[in-house]
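**Student:** Can you read through this structure? Questions will come right after.
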Amino acid sequence: MQKVKAEKNRTISLEQKEIEILLQKSEILNSKVELNEIQNKIIFQDFFSVAQYLPTNFVDLLILDPPYNMYKKFNSNSFAQKTIDEYSEYLDEILANIIPTLKETASIYVCGDWKSSISIPFVLAKYFKIRNRITWEREKGRGATTNWKNNSEDIWFATVSDKYFFNSEAVKLKRKVLAPYKNENGEPKDWEKSKSGDFRLTFPSNLWTDISVPFWSMPENTNHPTQKPEKLIAKLVLASSKQGDFIFDPFLGSGTSAVVAKKLNRKYLGIESDKEFVALSQKRLEIADTNSEIQGYFENVFWERNSFNYKNKKKKLSFGGN
């Protein structure tokens, strides 16, 4: 008996026939290709089997989200936990295959949990200039009785060289003002007053507490076990790329990097080896043709979690972004 969705469940789902149709939109590489052949495409293969066929020096922004160092099953694929040294060797092999694709001005973001982060900086430092570590609150962490609840993940930021693009203005955060100070004339000091409340635009830090992990009532939600939020990836894309730049994600998963790149007018290439996730990515890209919204990002500003009045999102706001 087919399970019936709850009324407000907006999780993207696929039927078997739909999967086969969507898979036909993906690419399979058997030889070296030109950039125009894979631009805005998803390759349905394992990254290691196709790395040798990719063009060189085309990537402006690399978003690398490999399996974390834990046991995890991804439909037909699974990943076994490794020792720290073994996981470091695994990451090293990935990066060694990616390096030829990167421009001299490219930026790199590598996702990981606390255990993966033991290896990530040491491997990154072999090839790149490490700039920072972002820690973001993953508020759906499971409870624990014999350890601290695992409620955060890391994103390591690095660049190929000292010539790189970074736009802090594009990723400012709109935060509620808790202490609305005023100047000697009684006017707001570094904040704005509006009908929706008092807000301040703040520069982005490396600690993110404004991210909502996709759940069943969000239109971006899928059944992928480690799906990254569009808002999270949008921050990386807007900070470290310009419109028309090329975004590369060699472990695409549910397609978030490609979808966000499309919504923000960037070029993209994704690689994924699971057919259901490839099809899911293609469906999300189709949805993006008619819906370019990114939850938590309105009027060119990222909003603090639970601070935006979604009922009024279609209306012209009295305050906006840059």
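Lettering and numbering for the structure tokens are positional, with chains as A, B, ... in the shown order, residues counted from 1 in each chain, and ligands counted from 1 in the shown order.
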Could you pull the residues within 7 Å of Gly244 (chain A), counting only C-alpha atoms, minus those fewer than 4 positions along the same chain, as a PyMOL selection string?

**Tutor:** chain A and resi 265-267

**Student:** With N, CA and C atoms kept, could you save the residues just selected as a compact mmCIF listing (two decimals), in the first residue's frame?

**Tutor:**
```
# COMPACT_ATOMS: atom_id res chain seq x y z
N ASN A 265 22.57 32.43 -11.00
CA ASN A 265 23.14 32.77 -12.31
C ASN A 265 24.63 32.44 -12.42
N ARG A 266 25.01 31.28 -11.91
CA ARG A 266 26.35 30.75 -12.11
C ARG A 266 26.26 29.51 -12.98
N LYS A 267 27.39 29.14 -13.58
CA LYS A 267 27.48 27.88 -14.31
C LYS A 267 27.83 26.78 -13.32
```

**Student:** I'd like the contact shell of region 270-279 of chain A - 6 Å cut-off, only C-alpha atoms, skipping same-chain residues fewer than 5 positions apart - returned as a list in words.

**Tutor:**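 Counting only the stated atoms, we get Ile19, Leu22, Leu23, Ile42, Ile43, Phe44, Gln45, Asp46, Asp249, Pro250, Phe251, Leu252, Gly253 and Ser254 of chain A.
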
**Student:** Work out how far CA of Tyr87 (chain A) is from CA of Trp114 (chain A), in Å to one decimal.

**Tutor:**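 Result for CA of Trp114 (chain A) versus CA of Tyr87 (chain A): 13.0 Å, one decimal.
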
**Student:** Env of Thr105 (chain A): 12 Å cut, atoms = only C-alpha atoms, seq-sep filter 2 positions within chain, self excluded. Answer as a ChimeraX atom specification.

**Tutor:** /A:57-62,101-103,107-108,128-129,158-166,240-241,245-246

**Student:** Would you save the residues from that selection as a tab-separated table (two decimals), in the first residue's frame, using C-alpha atoms?

**Tutor:**
```tsv
chain	number	residue	atom	x	y	z
A	57	ASN	CA	41.59	25.26	-15.30
A	58	PHE	CA	37.84	25.89	-15.48
A	59	VAL	CA	36.65	25.94	-11.85
A	60	ASP	CA	36.13	29.26	-10.05
A	61	LEU	CA	34.56	27.74	-6.95
A	62	LEU	CA	34.89	24.17	-5.68
A	101	THR	CA	40.48	21.58	-12.86
A	102	LEU	CA	41.04	24.66	-10.67
A	103	LYS	CA	41.86	28.17	-11.83
A	107	SER	CA	38.26	29.19	-3.93
A	108	ILE	CA	37.67	25.86	-2.18
A	128	PHE	CA	46.20	25.29	-0.86
A	129	LYS	CA	46.18	28.33	1.41
A	158	ALA	CA	40.89	27.67	1.25
A	159	THR	CA	42.21	29.26	-1.95
A	160	VAL	CA	44.62	28.18	-4.65
A	161	SER	CA	46.59	31.42	-4.34
A	162	ASP	CA	46.46	34.90	-2.86
A	163	LYS	CA	44.51	36.04	-5.92
A	164	TYR	CA	40.94	35.18	-5.05
A	165	PHE	CA	37.48	36.78	-5.00
A	166	PHE	CA	35.56	37.41	-1.79
A	240	SER	CA	33.29	33.43	-3.43
A	241	SER	CA	32.01	33.73	-6.99
A	245	ASP	CA	31.51	31.89	-12.70
A	246	PHE	CA	31.83	28.10	-12.77
```

**Student:** Would you mind telling me which residue in A:Gln24, A:Gln52, A:Asn40, A:Ser119 lies nearest to Lys82 (chain A) when using only C-alpha atoms?

**Tutor:** A:Ser119

**Student:** Mind pulling up the distance from CA of Gln282 (chain A) to CA of Ala234 (chain A)?

**Tutor:**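 CA of Gln282 (chain A) lies at a distance of 18.4 Å from CA of Ala234 (chain A).
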
**Student:** Taking only C-alpha atoms into account, which of A:Asp289, A:Asp198, A:Pro67, A:Trp136 comes nearest Lys231 (chain A)?

**Tutor:**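 For Lys231 (chain A), the nearest of the candidates is A:Trp136.
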
**Student:** Ranking A:Ser212, A:Asn30, A:Asn223, A:Asn75 by minimum distance to Arg305 (chain A) and counting only C-alpha atoms, which one comes first?

**Tutor:** A:Ser212

**Student:** Would you mind telling me which residue in A:Lys17, A:Arg133, A:Lys193, A:Lys41 lies nearest to Gly255 (chain A) when using only C-alpha atoms?

**Tutor:**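 Comparing A:Lys17, A:Arg133, A:Lys193, A:Lys41 against Gly255 (chain A), the winner is A:Lys41.
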
**Student:** Quick one: pull the distance between CA of Asn151 (chain A) and CA of Arg138 (chain A), Å, one decimal.

**Tutor:**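 Separating CA of Asn151 (chain A) from CA of Arg138 (chain A) is a distance of 5.1 Å.
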
**Student:** From the DSSP assignment of the backbone, select every residue of region 72-247 of chain A that is alpha helix (DSSP H), and format the answer as a PyMOL selection string.

**Tutor:** chain A and resi 84-98+120-127+230-240

**Student:** Print the selection's residues with C-alpha atoms to a file, as a compact mmCIF listing (two decimals), in the first residue's frame.

**Tutor:**
```txt
# COMPACT_ATOMS: atom_id res chain seq x y z
CA ILE A 84 42.28 9.16 10.60
CA ASP A 85 45.24 8.32 8.37
CA GLU A 86 43.09 6.34 5.93
CA TYR A 87 40.54 9.14 5.68
CA SER A 88 43.33 11.65 5.11
CA GLU A 89 44.63 9.49 2.26
CA TYR A 90 41.10 9.32 0.81
CA LEU A 91 40.80 13.13 0.86
CA ASP A 92 44.27 13.48 -0.60
CA GLU A 93 43.32 11.29 -3.55
CA ILE A 94 40.20 13.38 -4.16
CA LEU A 95 42.07 16.68 -4.13
CA ALA A 96 44.93 15.38 -6.27
CA ASN A 97 42.38 14.57 -8.97
CA ILE A 98 40.62 17.92 -8.61
CA ILE A 120 40.70 18.11 6.31
CA PRO A 121 43.08 20.97 7.26
CA PHE A 122 46.19 18.81 7.08
CA VAL A 123 45.34 17.63 3.57
CA LEU A 124 44.24 21.09 2.39
CA ALA A 125 47.49 22.63 3.63
CA LYS A 126 49.47 20.40 1.28
CA TYR A 127 47.95 22.05 -1.79
CA GLU A 230 20.28 25.87 -0.10
CA LYS A 231 20.84 28.84 2.21
CA LEU A 232 24.12 27.33 3.39
CA ILE A 233 25.47 26.80 -0.13
CA ALA A 234 24.15 30.18 -1.29
CA LYS A 235 26.43 31.90 1.22
CA LEU A 236 29.47 30.13 -0.24
CA VAL A 237 28.43 30.89 -3.83
CA LEU A 238 27.69 34.58 -3.24
CA ALA A 239 30.80 35.19 -1.16
CA SER A 240 33.29 33.43 -3.43
```

**Student:** Of the candidates A:Ser76, A:Phe248, A:Val213, A:Met70, which shows the shortest atom-to-atom distance to Ile99 (chain A), using only C-alpha atoms?

**Tutor:**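 Of A:Ser76, A:Phe248, A:Val213, A:Met70, the one nearest Ile99 (chain A), counting only C-alpha atoms, is A:Phe248.
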